[in-house]
>>> print(open('model-v6.pdb').read())   # PDB, C-alpha atoms and all ligand atoms
MODEL        1
ATOM      1  CA  MET A 942     106.306 380.419 -92.000  1.00  0.00           C
ATOM      2  CA  THR A 943     107.080 378.755 -88.680  1.00  0.00           C
ATOM      3  CA  VAL A 944     104.453 378.038 -86.068  1.00  0.00           C
ATOM      4  CA  LEU A 945     105.505 378.392 -82.435  1.00  0.00           C
ATOM      5  CA  ARG A 946     103.162 377.038 -79.837  1.00  0.00           C
ATOM      6  CA  ALA A 947     103.094 375.900 -76.231  1.00  0.00           C
ATOM      7  CA  VAL A 948     101.303 372.786 -75.030  1.00  0.00           C
ATOM      8  CA  GLN A 949     101.052 370.954 -71.738  1.00  0.00           C
ATOM      9  CA  GLY A 950     101.960 367.288 -71.755  1.00  0.00           C
ATOM     10  CA  ASP A 951     104.521 364.507 -71.806  1.00  0.00           C
ATOM     11  CA  ILE A 952     107.092 365.225 -74.507  1.00  0.00           C
ATOM     12  CA  THR A 953     107.729 361.505 -75.042  1.00  0.00           C
ATOM     13  CA  LYS A 954     104.227 361.160 -76.525  1.00  0.00           C
ATOM     14  CA  LEU A 955     104.585 363.791 -79.224  1.00  0.00           C
ATOM     15  CA  ALA A 956     104.530 362.649 -82.831  1.00  0.00           C
ATOM     16  CA  LEU A 957     106.875 365.237 -84.309  1.00  0.00           C
ATOM     17  CA  ASP A 958     110.057 364.733 -86.314  1.00  0.00           C
ATOM     18  CA  ALA A 959     112.191 365.336 -83.207  1.00  0.00           C
ATOM     19  CA  ILE A 960     112.018 365.971 -79.500  1.00  0.00           C
ATOM     20  CA  VAL A 961     114.719 367.629 -77.419  1.00  0.00           C
ATOM     21  CA  ASN A 962     116.151 366.093 -74.254  1.00  0.00           C
ATOM     22  CA  ALA A 963     117.486 368.147 -71.314  1.00  0.00           C
ATOM     23  CA  ALA A 964     120.482 365.937 -70.597  1.00  0.00           C
ATOM     24  CA  ASN A 965     123.500 365.832 -68.293  1.00  0.00           C
ATOM     25  CA  SER A 966     126.990 367.026 -69.233  1.00  0.00           C
ATOM     26  CA  SER A 967     128.892 364.121 -67.715  1.00  0.00           C
ATOM     27  CA  SER A 968     127.074 361.491 -69.761  1.00  0.00           C
ATOM     28  CA  LEU A 969     124.124 361.112 -72.098  1.00  0.00           C
ATOM     29  CA  LEU A 970     123.090 357.879 -70.421  1.00  0.00           C
ATOM     30  CA  GLY A 971     119.925 359.170 -68.758  1.00  0.00           C
ATOM     31  CA  GLY A 972     119.013 360.702 -65.423  1.00  0.00           C
ATOM     32  CA  GLY A 973     115.896 362.048 -63.724  1.00  0.00           C
ATOM     33  CA  GLY A 974     113.268 364.450 -65.046  1.00  0.00           C
ATOM     34  CA  VAL A 975     112.573 364.579 -68.758  1.00  0.00           C
ATOM     35  CA  ASP A 976     115.868 362.761 -69.477  1.00  0.00           C
ATOM     36  CA  GLY A 977     114.713 359.719 -67.508  1.00  0.00           C
ATOM     37  CA  ALA A 978     111.284 359.809 -69.153  1.00  0.00           C
ATOM     38  CA  ILE A 979     112.809 359.933 -72.645  1.00  0.00           C
ATOM     39  CA  HIS A 980     115.203 357.064 -71.926  1.00  0.00           C
ATOM     40  CA  ARG A 981     112.388 354.926 -70.515  1.00  0.00           C
ATOM     41  CA  ALA A 982     110.136 355.602 -73.497  1.00  0.00           C
ATOM     42  CA  ALA A 983     112.845 355.240 -76.154  1.00  0.00           C
ATOM     43  CA  GLY A 984     114.102 351.944 -74.742  1.00  0.00           C
ATOM     44  CA  PRO A 985     117.564 350.491 -74.079  1.00  0.00           C
ATOM     45  CA  GLU A 986     118.745 351.019 -77.671  1.00  0.00           C
ATOM     46  CA  LEU A 987     118.998 354.719 -76.826  1.00  0.00           C
ATOM     47  CA  VAL A 988     121.595 354.108 -74.105  1.00  0.00           C
ATOM     48  CA  HIS A 989     123.627 352.046 -76.550  1.00  0.00           C
ATOM     49  CA  GLU A 990     123.606 354.830 -79.098  1.00  0.00           C
ATOM     50  CA  CYS A 991     124.414 357.460 -76.439  1.00  0.00           C
ATOM     51  CA  ARG A 992     127.415 355.467 -75.207  1.00  0.00           C
ATOM     52  CA  LEU A 993     128.978 355.866 -78.622  1.00  0.00           C
ATOM     53  CA  LEU A 994     128.470 359.633 -78.508  1.00  0.00           C
ATOM     54  CA  GLY A 995     130.369 360.248 -75.266  1.00  0.00           C
ATOM     55  CA  CYS A 996     129.490 363.328 -73.259  1.00  0.00           C
ATOM     56  CA  CYS A 997     128.019 366.656 -74.306  1.00  0.00           C
ATOM     57  CA  LYS A 998     129.204 370.076 -73.096  1.00  0.00           C
ATOM     58  CA  THR A 999     126.818 372.572 -71.541  1.00  0.00           C
ATOM     59  CA  GLY A1000     125.211 374.601 -74.330  1.00  0.00           C
ATOM     60  CA  GLU A1001     126.010 371.937 -76.948  1.00  0.00           C
ATOM     61  CA  ALA A1002     123.709 369.373 -78.578  1.00  0.00           C
ATOM     62  CA  LYS A1003     123.948 365.904 -80.147  1.00  0.00           C
ATOM     63  CA  LEU A1004     121.542 363.897 -82.312  1.00  0.00           C
ATOM     64  CA  THR A1005     120.317 360.340 -81.873  1.00  0.00           C
ATOM     65  CA  LYS A1006     117.523 358.311 -83.347  1.00  0.00           C
ATOM     66  CA  GLY A1007     114.191 358.215 -81.525  1.00  0.00           C
ATOM     67  CA  HIS A1008     114.147 354.405 -81.273  1.00  0.00           C
ATOM     68  CA  ARG A1009     110.796 353.416 -79.685  1.00  0.00           C
ATOM     69  CA  LEU A1010     109.460 356.982 -79.638  1.00  0.00           C
ATOM     70  CA  GLN A1011     107.094 358.248 -82.296  1.00  0.00           C
ATOM     71  CA  ALA A1012     109.604 361.028 -82.918  1.00  0.00           C
ATOM     72  CA  ARG A1013     112.257 359.939 -85.431  1.00  0.00           C
ATOM     73  CA  PHE A1014     115.039 361.836 -83.699  1.00  0.00           C
ATOM     74  CA  ILE A1015     116.116 363.063 -80.268  1.00  0.00           C
ATOM     75  CA  VAL A1016     118.313 366.140 -79.940  1.00  0.00           C
ATOM     76  CA  HIS A1017     120.155 365.892 -76.618  1.00  0.00           C
ATOM     77  CA  THR A1018     121.296 369.187 -75.174  1.00  0.00           C
ATOM     78  CA  VAL A1019     122.752 370.142 -71.803  1.00  0.00           C
ATOM     79  CA  GLY A1020     121.390 373.250 -70.129  1.00  0.00           C
ATOM     80  CA  PRO A1021     123.224 375.309 -67.513  1.00  0.00           C
ATOM     81  CA  VAL A1022     122.784 374.808 -63.785  1.00  0.00           C
ATOM     82  CA  TRP A1023     121.292 378.043 -62.369  1.00  0.00           C
ATOM     83  CA  ARG A1024     123.895 379.795 -60.192  1.00  0.00           C
ATOM     84  CA  GLY A1025     122.236 383.189 -59.764  1.00  0.00           C
ATOM     85  CA  GLY A1026     122.235 384.334 -63.381  1.00  0.00           C
ATOM     86  CA  ASP A1027     125.653 385.984 -63.680  1.00  0.00           C
ATOM     87  CA  HIS A1028     127.628 382.872 -64.583  1.00  0.00           C
ATOM     88  CA  GLY A1029     126.733 382.898 -68.264  1.00  0.00           C
ATOM     89  CA  GLU A1030     123.479 381.020 -67.758  1.00  0.00           C
ATOM     90  CA  PRO A1031     121.376 383.002 -70.293  1.00  0.00           C
ATOM     91  CA  GLU A1032     124.027 382.638 -73.014  1.00  0.00           C
ATOM     92  CA  LEU A1033     124.436 378.928 -72.342  1.00  0.00           C
ATOM     93  CA  LEU A1034     120.684 378.350 -72.332  1.00  0.00           C
ATOM     94  CA  ALA A1035     120.307 380.291 -75.600  1.00  0.00           C
ATOM     95  CA  SER A1036     123.090 378.151 -77.049  1.00  0.00           C
ATOM     96  CA  CYS A1037     121.091 374.984 -76.259  1.00  0.00           C
ATOM     97  CA  TYR A1038     118.134 376.209 -78.329  1.00  0.00           C
ATOM     98  CA  ARG A1039     120.373 377.529 -81.104  1.00  0.00           C
ATOM     99  CA  ARG A1040     122.480 374.365 -81.438  1.00  0.00           C
ATOM    100  CA  ALA A1041     119.401 372.123 -81.278  1.00  0.00           C
ATOM    101  CA  LEU A1042     117.772 374.052 -84.129  1.00  0.00           C
ATOM    102  CA  GLU A1043     120.989 374.064 -86.169  1.00  0.00           C
ATOM    103  CA  ILE A1044     121.197 370.292 -85.846  1.00  0.00           C
ATOM    104  CA  ALA A1045     117.506 369.975 -86.688  1.00  0.00           C
ATOM    105  CA  ALA A1046     117.862 372.103 -89.813  1.00  0.00           C
ATOM    106  CA  ALA A1047     120.961 370.202 -90.925  1.00  0.00           C
ATOM    107  CA  ASN A1048     119.074 366.905 -90.668  1.00  0.00           C
ATOM    108  CA  GLY A1049     115.885 367.881 -92.449  1.00  0.00           C
ATOM    109  CA  ILE A1050     113.815 367.983 -89.265  1.00  0.00           C
ATOM    110  CA  ARG A1051     110.661 370.017 -89.932  1.00  0.00           C
ATOM    111  CA  SER A1052     108.940 369.823 -86.532  1.00  0.00           C
ATOM    112  CA  ILE A1053     110.522 369.743 -83.081  1.00  0.00           C
ATOM    113  CA  ALA A1054     109.439 369.951 -79.439  1.00  0.00           C
ATOM    114  CA  PHE A1055     111.490 371.409 -76.595  1.00  0.00           C
ATOM    115  CA  PRO A1056     111.007 370.757 -72.895  1.00  0.00           C
ATOM    116  CA  SER A1057     111.669 373.688 -70.586  1.00  0.00           C
ATOM    117  CA  ILE A1058     115.435 373.107 -70.471  1.00  0.00           C
ATOM    118  CA  SER A1059     117.214 373.722 -67.119  1.00  0.00           C
ATOM    119  CA  THR A1060     114.050 374.666 -65.215  1.00  0.00           C
ATOM    120  CA  GLY A1061     113.690 371.396 -63.292  1.00  0.00           C
ATOM    121  CA  ILE A1062     116.611 369.841 -61.444  1.00  0.00           C
ATOM    122  CA  TYR A1063     118.946 372.604 -62.731  1.00  0.00           C
ATOM    123  CA  GLY A1064     116.843 375.331 -61.066  1.00  0.00           C
ATOM    124  CA  TYR A1065     116.646 377.996 -63.795  1.00  0.00           C
ATOM    125  CA  PRO A1066     113.699 380.352 -63.020  1.00  0.00           C
ATOM    126  CA  ILE A1067     110.892 379.531 -65.427  1.00  0.00           C
ATOM    127  CA  GLU A1068     110.009 383.098 -66.518  1.00  0.00           C
ATOM    128  CA  ARG A1069     113.606 383.889 -67.379  1.00  0.00           C
ATOM    129  CA  ALA A1070     114.124 380.563 -69.120  1.00  0.00           C
ATOM    130  CA  ALA A1071     110.940 380.899 -71.190  1.00  0.00           C
ATOM    131  CA  THR A1072     111.991 384.382 -72.309  1.00  0.00           C
ATOM    132  CA  VAL A1073     115.379 383.099 -73.486  1.00  0.00           C
ATOM    133  CA  ALA A1074     113.766 380.075 -75.161  1.00  0.00           C
ATOM    134  CA  VAL A1075     111.188 382.024 -77.157  1.00  0.00           C
ATOM    135  CA  ALA A1076     113.571 384.831 -78.154  1.00  0.00           C
ATOM    136  CA  THR A1077     116.277 382.416 -79.309  1.00  0.00           C
ATOM    137  CA  VAL A1078     113.915 380.218 -81.281  1.00  0.00           C
ATOM    138  CA  ARG A1079     112.371 383.234 -83.013  1.00  0.00           C
ATOM    139  CA  GLU A1080     115.818 384.582 -83.962  1.00  0.00           C
ATOM    140  CA  MET A1081     116.885 381.251 -85.394  1.00  0.00           C
ATOM    141  CA  LEU A1082     113.914 380.283 -87.491  1.00  0.00           C
ATOM    142  CA  ALA A1083     114.165 382.442 -90.568  1.00  0.00           C
ATOM    143  CA  GLY A1084     115.315 380.206 -93.389  1.00  0.00           C
ATOM    144  CA  SER A1085     115.985 377.188 -91.157  1.00  0.00           C
ATOM    145  CA  GLY A1086     113.408 374.918 -92.827  1.00  0.00           C
ATOM    146  CA  VAL A1087     111.906 374.055 -89.441  1.00  0.00           C
ATOM    147  CA  GLY A1088     108.183 374.715 -89.764  1.00  0.00           C
ATOM    148  CA  GLU A1089     106.861 373.892 -86.309  1.00  0.00           C
ATOM    149  CA  VAL A1090     108.343 374.423 -82.849  1.00  0.00           C
ATOM    150  CA  VAL A1091     106.442 373.197 -79.810  1.00  0.00           C
ATOM    151  CA  PHE A1092     107.308 374.207 -76.250  1.00  0.00           C
ATOM    152  CA  CYS A1093     106.144 371.177 -74.278  1.00  0.00           C
ATOM    153  CA  CYS A1094     105.395 372.197 -70.691  1.00  0.00           C
ATOM    154  CA  PHE A1095     104.960 369.564 -68.015  1.00  0.00           C
ATOM    155  CA  SER A1096     102.808 371.663 -65.675  1.00  0.00           C
ATOM    156  CA  ALA A1097      99.892 374.030 -66.197  1.00  0.00           C
ATOM    157  CA  ALA A1098     101.861 376.736 -64.388  1.00  0.00           C
ATOM    158  CA  ASP A1099     104.741 376.423 -66.870  1.00  0.00           C
ATOM    159  CA  LEU A1100     102.301 376.490 -69.776  1.00  0.00           C
ATOM    160  CA  ALA A1101     100.840 379.765 -68.474  1.00  0.00           C
ATOM    161  CA  VAL A1102     104.312 381.291 -68.398  1.00  0.00           C
ATOM    162  CA  TYR A1103     105.112 380.201 -71.954  1.00  0.00           C
ATOM    163  CA  ALA A1104     101.717 381.381 -73.209  1.00  0.00           C
ATOM    164  CA  ASN A1105     102.406 384.825 -71.744  1.00  0.00           C
ATOM    165  CA  VAL A1106     105.856 385.039 -73.254  1.00  0.00           C
ATOM    166  CA  LEU A1107     104.607 383.879 -76.669  1.00  0.00           C
ATOM    167  CA  ASN A1108     101.741 386.359 -76.588  1.00  0.00           C
ATOM    168  CA  ALA A1109     104.058 389.178 -75.567  1.00  0.00           C
ATOM    169  CA  ALA A1110     106.269 388.198 -78.498  1.00  0.00           C
ATOM    170  CA  GLY A1111     103.268 388.348 -80.844  1.00  0.00           C
ATOM    171  CA  GLU A1112     103.046 384.602 -81.463  1.00  0.00           C
ATOM    172  CA  GLY A1113     100.043 382.358 -81.148  1.00  0.00           C
ATOM    173  CA  ALA A1114      99.962 380.064 -78.131  1.00  0.00           C
ATOM    174  CA  ALA A1115      97.842 376.956 -78.235  1.00  0.00           C
ATOM    175  CA  THR A1116      97.028 374.822 -75.251  1.00  0.00           C
ATOM    176  CA  GLY A1117      96.260 371.158 -75.077  1.00  0.00           C
TER     177      GLY A1117
HETATM  178  N1  LIG A1201     107.700 365.822 -70.683  1.00  0.00           N
HETATM  179  C1  LIG A1201     107.902 367.157 -70.711  1.00  0.00           C
HETATM  180  N2  LIG A1201     108.549 367.840 -69.740  1.00  0.00           N
HETATM  181  C2  LIG A1201     108.991 367.126 -68.682  1.00  0.00           C
HETATM  182  C3  LIG A1201     108.828 365.724 -68.566  1.00  0.00           C
HETATM  183  C4  LIG A1201     108.152 365.071 -69.639  1.00  0.00           C
HETATM  184  N3  LIG A1201     107.935 363.731 -69.642  1.00  0.00           N
HETATM  185  N4  LIG A1201     109.378 365.319 -67.392  1.00  0.00           N
HETATM  186  C5  LIG A1201     109.868 366.423 -66.781  1.00  0.00           C
HETATM  187  N5  LIG A1201     109.630 367.519 -67.555  1.00  0.00           N
HETATM  188  P1  LIG A1201     114.556 368.472 -65.841  1.00  0.00           P
HETATM  189  P2  LIG A1201     116.964 370.152 -66.180  1.00  0.00           P
HETATM  190  C6  LIG A1201     109.971 368.922 -67.337  1.00  0.00           C
HETATM  191  O1  LIG A1201     114.803 368.376 -64.385  1.00  0.00           O
HETATM  192  O2  LIG A1201     116.459 371.143 -65.190  1.00  0.00           O
HETATM  193  C7  LIG A1201     118.325 365.115 -65.457  1.00  0.00           C
HETATM  194  O3  LIG A1201     118.625 364.248 -64.414  1.00  0.00           O
HETATM  195  C8  LIG A1201     110.237 369.396 -65.930  1.00  0.00           C
HETATM  196  O4  LIG A1201     109.009 369.577 -65.224  1.00  0.00           O
HETATM  197  O5  LIG A1201     114.157 367.246 -66.587  1.00  0.00           O
HETATM  198  O6  LIG A1201     117.546 370.655 -67.488  1.00  0.00           O
HETATM  199  C9  LIG A1201     119.454 365.218 -66.457  1.00  0.00           C
HETATM  200  O7  LIG A1201     120.162 364.001 -66.605  1.00  0.00           O
HETATM  201  C10 LIG A1201     110.943 370.723 -66.207  1.00  0.00           C
HETATM  202  O8  LIG A1201     109.979 371.716 -66.519  1.00  0.00           O
HETATM  203  O9  LIG A1201     115.862 369.070 -66.642  1.00  0.00           O
HETATM  204  C11 LIG A1201     120.299 366.320 -65.896  1.00  0.00           C
HETATM  205  O10 LIG A1201     121.194 365.845 -64.910  1.00  0.00           O
HETATM  206  C12 LIG A1201     111.735 370.425 -67.493  1.00  0.00           C
HETATM  207  O11 LIG A1201     111.194 369.206 -68.011  1.00  0.00           O
HETATM  208  C13 LIG A1201     119.309 367.244 -65.234  1.00  0.00           C
HETATM  209  O12 LIG A1201     118.178 366.438 -64.928  1.00  0.00           O
HETATM  210  C14 LIG A1201     113.216 370.252 -67.280  1.00  0.00           C
HETATM  211  O13 LIG A1201     113.452 369.603 -66.041  1.00  0.00           O
HETATM  212  C15 LIG A1201     118.840 368.352 -66.168  1.00  0.00           C
HETATM  213  O14 LIG A1201     118.044 369.268 -65.445  1.00  0.00           O
ENDMDL
END
>>> encode(input="model-v6.pdb", output="structure tokens")
Amino acid sequence: MTVLRAVQGDITKLALDAIVNAANSSSLLGGGGVDGAIHRAAGPELVHECRLLGCCKTGEAKLTKGHRLQARFIVHTVGPVWRGGDHGEPELLASCYRRALEIAAANGIRSIAFPSISTGIYGYPIERAATVAVATVREMLAGSGVGEVVFCCFSAADLAVYANVLNAAGEGAATG
């Protein structure tokens, strides 16, 4: 059985097998938001590894080591920029969660935390994004081997949204 839960906090501090980064499509070399925080916490070895990977298309994902993080791995994925909702944004966002979990399952990752992909600099409305995130993760989990999925919210307001969506979907939502 897989546990889905939402917490408030800094994703770089989580001691899970993997954390997910909301990266940029033109390079995986770091940026603002959660991407910048992950690069700062993981250290310069992460940039070196990302250079070798090249870029990552929107909706795709790539794996690196966690370097100085407690998490052993980082799954870098690139969410869509919000352009009103009828430019394929929900499908691309769902693809981020799907591809990240496929990569996790293929690499024996049992626990993973997602930030709220695309809802910062990329402007995706949080309620819509949380609905896509929870629905996609629930669809994917059967038989994946991933036992724990954490939605790591930076703000209390985002946590409230995720808690509502998880409760509506019949899942437990923990805070902390
Ligand atoms: N822990 C958890 N969540 C965080 C953290 C953190 N340490 N820091 C920020 N967030 P964003 P995007 C939240 O903007 O919208 C970068 O420059 C934040 O509050 O990081 O996908 C990339 O290089 C928000 O809820 O990602 C790309 O160019 C969520 O993480 C671009 O931003 C996502 O916000 C990607 O934009």
>>> atom_distance(input="model-v6.pdb", atom1="CA of Thr999 in chain A", atom2="CA of Ala983 in chain A")
22.7 Å
>>> residues_around(input="model-v6.pdb", residues="Leu1100 in chain A", least_positions_apart="4", cutoff="7 Å", atoms="all atoms listed in the file", output="PyMOL selection string")
chain A and resi 947-949+1094+1096+1104
>>> residues_near_ligand(input="model-v6.pdb", ligand="ligand LIG 1201 (chain A)", cutoff="10 Å", atoms="only C-alpha atoms and all ligand atoms", output="PyMOL selection string")
chain A and resi 948-955+960-979+981-982+1018-1023+1034+1054-1067+1092-1096+1098-1100
>>> write_last_selection(input="model-v6.pdb", atoms="C-alpha atoms", output="JSON list (two decimals), in the frame of the given file")
[["chain", "number", "residue", "atom", "x", "y", "z"],
["A", 948, "VAL", "CA", 101.30, 372.79, -75.03],
["A", 949, "GLN", "CA", 101.05, 370.95, -71.74],
["A", 950, "GLY", "CA", 101.96, 367.29, -71.76],
["A", 951, "ASP", "CA", 104.52, 364.51, -71.81],
["A", 952, "ILE", "CA", 107.09, 365.22, -74.51],
["A", 953, "THR", "CA", 107.73, 361.50, -75.04],
["A", 954, "LYS", "CA", 104.23, 361.16, -76.53],
["A", 955, "LEU", "CA", 104.58, 363.79, -79.22],
["A", 960, "ILE", "CA", 112.02, 365.97, -79.50],
["A", 961, "VAL", "CA", 114.72, 367.63, -77.42],
["A", 962, "ASN", "CA", 116.15, 366.09, -74.25],
["A", 963, "ALA", "CA", 117.49, 368.15, -71.31],
["A", 964, "ALA", "CA", 120.48, 365.94, -70.60],
["A", 965, "ASN", "CA", 123.50, 365.83, -68.29],
["A", 966, "SER", "CA", 126.99, 367.03, -69.23],
["A", 967, "SER", "CA", 128.89, 364.12, -67.72],
["A", 968, "SER", "CA", 127.07, 361.49, -69.76],
["A", 969, "LEU", "CA", 124.12, 361.11, -72.10],
["A", 970, "LEU", "CA", 123.09, 357.88, -70.42],
["A", 971, "GLY", "CA", 119.92, 359.17, -68.76],
["A", 972, "GLY", "CA", 119.01, 360.70, -65.42],
["A", 973, "GLY", "CA", 115.90, 362.05, -63.72],
["A", 974, "GLY", "CA", 113.27, 364.45, -65.05],
["A", 975, "VAL", "CA", 112.57, 364.58, -68.76],
["A", 976, "ASP", "CA", 115.87, 362.76, -69.48],
["A", 977, "GLY", "CA", 114.71, 359.72, -67.51],
["A", 978, "ALA", "CA", 111.28, 359.81, -69.15],
["A", 979, "ILE", "CA", 112.81, 359.93, -72.64],
["A", 981, "ARG", "CA", 112.39, 354.93, -70.52],
["A", 982, "ALA", "CA", 110.14, 355.60, -73.50],
["A", 1018, "THR", "CA", 121.30, 369.19, -75.17],
["A", 1019, "VAL", "CA", 122.75, 370.14, -71.80],
["A", 1020, "GLY", "CA", 121.39, 373.25, -70.13],
["A", 1021, "PRO", "CA", 123.22, 375.31, -67.51],
["A", 1022, "VAL", "CA", 122.78, 374.81, -63.78],
["A", 1023, "TRP", "CA", 121.29, 378.04, -62.37],
["A", 1034, "LEU", "CA", 120.68, 378.35, -72.33],
["A", 1054, "ALA", "CA", 109.44, 369.95, -79.44],
["A", 1055, "PHE", "CA", 111.49, 371.41, -76.60],
["A", 1056, "PRO", "CA", 111.01, 370.76, -72.90],
["A", 1057, "SER", "CA", 111.67, 373.69, -70.59],
["A", 1058, "ILE", "CA", 115.44, 373.11, -70.47],
["A", 1059, "SER", "CA", 117.21, 373.72, -67.12],
["A", 1060, "THR", "CA", 114.05, 374.67, -65.22],
["A", 1061, "GLY", "CA", 113.69, 371.40, -63.29],
["A", 1062, "ILE", "CA", 116.61, 369.84, -61.44],
["A", 1063, "TYR", "CA", 118.95, 372.60, -62.73],
["A", 1064, "GLY", "CA", 116.84, 375.33, -61.07],
["A", 1065, "TYR", "CA", 116.65, 378.00, -63.80],
["A", 1066, "PRO", "CA", 113.70, 380.35, -63.02],
["A", 1067, "ILE", "CA", 110.89, 379.53, -65.43],
["A", 1092, "PHE", "CA", 107.31, 374.21, -76.25],
["A", 1093, "CYS", "CA", 106.14, 371.18, -74.28],
["A", 1094, "CYS", "CA", 105.40, 372.20, -70.69],
["A", 1095, "PHE", "CA", 104.96, 369.56, -68.02],
["A", 1096, "SER", "CA", 102.81, 371.66, -65.68],
["A", 1098, "ALA", "CA", 101.86, 376.74, -64.39],
["A", 1099, "ASP", "CA", 104.74, 376.42, -66.87],
["A", 1100, "LEU", "CA", 102.30, 376.49, -69.78]]
>>> residues_around(input="model-v6.pdb", residues="Glu990 in chain A", least_positions_apart="5", cutoff="10 Å", atoms="all atoms listed in the file", output="count of residues only")
8
>>> residues_around(input="model-v6.pdb", residues="Leu1107 in chain A", least_positions_apart="5", cutoff="12 Å", atoms="only C-alpha atoms", output="compact mmCIF listing (two decimals) with C-alpha atoms, in the coordinates of the input")
# COMPACT_ATOMS: atom_id res chain seq x y z
CA VAL A 944 104.45 378.04 -86.07
CA LEU A 945 105.50 378.39 -82.44
CA ARG A 946 103.16 377.04 -79.84
CA ALA A 947 103.09 375.90 -76.23
CA VAL A 948 101.30 372.79 -75.03
CA GLU A 1068 110.01 383.10 -66.52
CA ALA A 1071 110.94 380.90 -71.19
CA THR A 1072 111.99 384.38 -72.31
CA VAL A 1073 115.38 383.10 -73.49
CA ALA A 1074 113.77 380.08 -75.16
CA VAL A 1075 111.19 382.02 -77.16
CA ALA A 1076 113.57 384.83 -78.15
CA VAL A 1078 113.92 380.22 -81.28
CA ARG A 1079 112.37 383.23 -83.01
CA VAL A 1090 108.34 374.42 -82.85
CA VAL A 1091 106.44 373.20 -79.81
CA PHE A 1092 107.31 374.21 -76.25
CA LEU A 1100 102.30 376.49 -69.78
CA ALA A 1101 100.84 379.76 -68.47
CA VAL A 1102 104.31 381.29 -68.40
CA GLU A 1112 103.05 384.60 -81.46
CA GLY A 1113 100.04 382.36 -81.15
CA ALA A 1114 99.96 380.06 -78.13
CA ALA A 1115 97.84 376.96 -78.24
CA THR A 1116 97.03 374.82 -75.25
>>> atom_distance(input="model-v6.pdb", atom1="CA of Val1106 in chain A", atom2="CA of His1028 in chain A")
23.5 Å
>>> resolve_selection(input="model-v6.pdb", expression="the PyMOL selection byres (((chain A and resi 1043) around 12) and not hetatm)", output="mmCIF file with C-alpha atoms, in the frame of the given file")
data_model
loop_
_atom_site.group_PDB
_atom_site.id
_atom_site.type_symbol
_atom_site.label_atom_id
_atom_site.label_comp_id
_atom_site.auth_asym_id
_atom_site.auth_seq_id
_atom_site.Cartn_x
_atom_site.Cartn_y
_atom_site.Cartn_z
ATOM 1 C CA GLU A 1001 126.010 371.937 -76.948
ATOM 2 C CA ALA A 1002 123.709 369.373 -78.578
ATOM 3 C CA LYS A 1003 123.948 365.904 -80.147
ATOM 4 C CA LEU A 1004 121.542 363.897 -82.312
ATOM 5 C CA VAL A 1016 118.313 366.140 -79.940
ATOM 6 C CA SER A 1036 123.090 378.151 -77.049
ATOM 7 C CA CYS A 1037 121.091 374.984 -76.259
ATOM 8 C CA TYR A 1038 118.134 376.209 -78.329
ATOM 9 C CA ARG A 1039 120.373 377.529 -81.104
ATOM 10 C CA ARG A 1040 122.480 374.365 -81.438
ATOM 11 C CA ALA A 1041 119.401 372.123 -81.278
ATOM 12 C CA LEU A 1042 117.772 374.052 -84.129
ATOM 13 C CA ILE A 1044 121.197 370.292 -85.846
ATOM 14 C CA ALA A 1045 117.506 369.975 -86.688
ATOM 15 C CA ALA A 1046 117.862 372.103 -89.813
ATOM 16 C CA ALA A 1047 120.961 370.202 -90.925
ATOM 17 C CA ASN A 1048 119.074 366.905 -90.668
ATOM 18 C CA GLY A 1049 115.885 367.881 -92.449
ATOM 19 C CA ILE A 1050 113.815 367.983 -89.265
ATOM 20 C CA ARG A 1051 110.661 370.017 -89.932
ATOM 21 C CA ILE A 1053 110.522 369.743 -83.081
ATOM 22 C CA THR A 1077 116.277 382.416 -79.309
ATOM 23 C CA VAL A 1078 113.915 380.218 -81.281
ATOM 24 C CA GLU A 1080 115.818 384.582 -83.962
ATOM 25 C CA MET A 1081 116.885 381.251 -85.394
ATOM 26 C CA LEU A 1082 113.914 380.283 -87.491
ATOM 27 C CA ALA A 1083 114.165 382.442 -90.568
ATOM 28 C CA GLY A 1084 115.315 380.206 -93.389
ATOM 29 C CA SER A 1085 115.985 377.188 -91.157
ATOM 30 C CA GLY A 1086 113.408 374.918 -92.827
ATOM 31 C CA VAL A 1087 111.906 374.055 -89.441
#
>>> axis_aligned_box(input="model-v6.pdb", around="range 1095-1101 of chain A", padding_each_side="3 Å", output="AutoDock Vina command-line options")
--center_x 102.4 --center_y 374.7 --center_z -67.1 --size_x 11.1 --size_y 16.2 --size_z 11.4
>>> atom_distance(input="model-v6.pdb", atom1="CA of Arg1069 in chain A", atom2="CA of Asn1108 in chain A")
15.2 Å
>>> closest_residue(input="model-v6.pdb", among="A:Gln1011, A:Ala1035, A:Arg1024, A:Ala1109", to="Ala959 in chain A", atoms="only C-alpha atoms")
A:Gln1011
>>> build_atoms(input="model-v6.pdb", residues="range 1094-1099 of chain A", atoms="N, CA and C atoms", output="tab-separated table (two decimals), in the coordinates of the input")
chain	number	residue	atom	x	y	z
A	1094	CYS	N	105.32	371.88	-72.13
A	1094	CYS	CA	105.40	372.20	-70.69
A	1094	CYS	C	104.80	371.05	-69.90
A	1095	PHE	N	105.44	370.69	-68.81
A	1095	PHE	CA	104.96	369.56	-68.02
A	1095	PHE	C	103.81	369.99	-67.11
A	1096	SER	N	103.84	371.22	-66.61
A	1096	SER	CA	102.81	371.66	-65.68
A	1096	SER	C	101.97	372.78	-66.29
A	1097	ALA	N	100.77	372.94	-65.74
A	1097	ALA	CA	99.89	374.03	-66.20
A	1097	ALA	C	100.53	375.38	-65.88
A	1098	ALA	N	101.22	375.47	-64.76
A	1098	ALA	CA	101.86	376.74	-64.39
A	1098	ALA	C	102.93	377.12	-65.41
A	1099	ASP	N	103.72	376.14	-65.85
A	1099	ASP	CA	104.74	376.42	-66.87
A	1099	ASP	C	104.09	376.82	-68.20
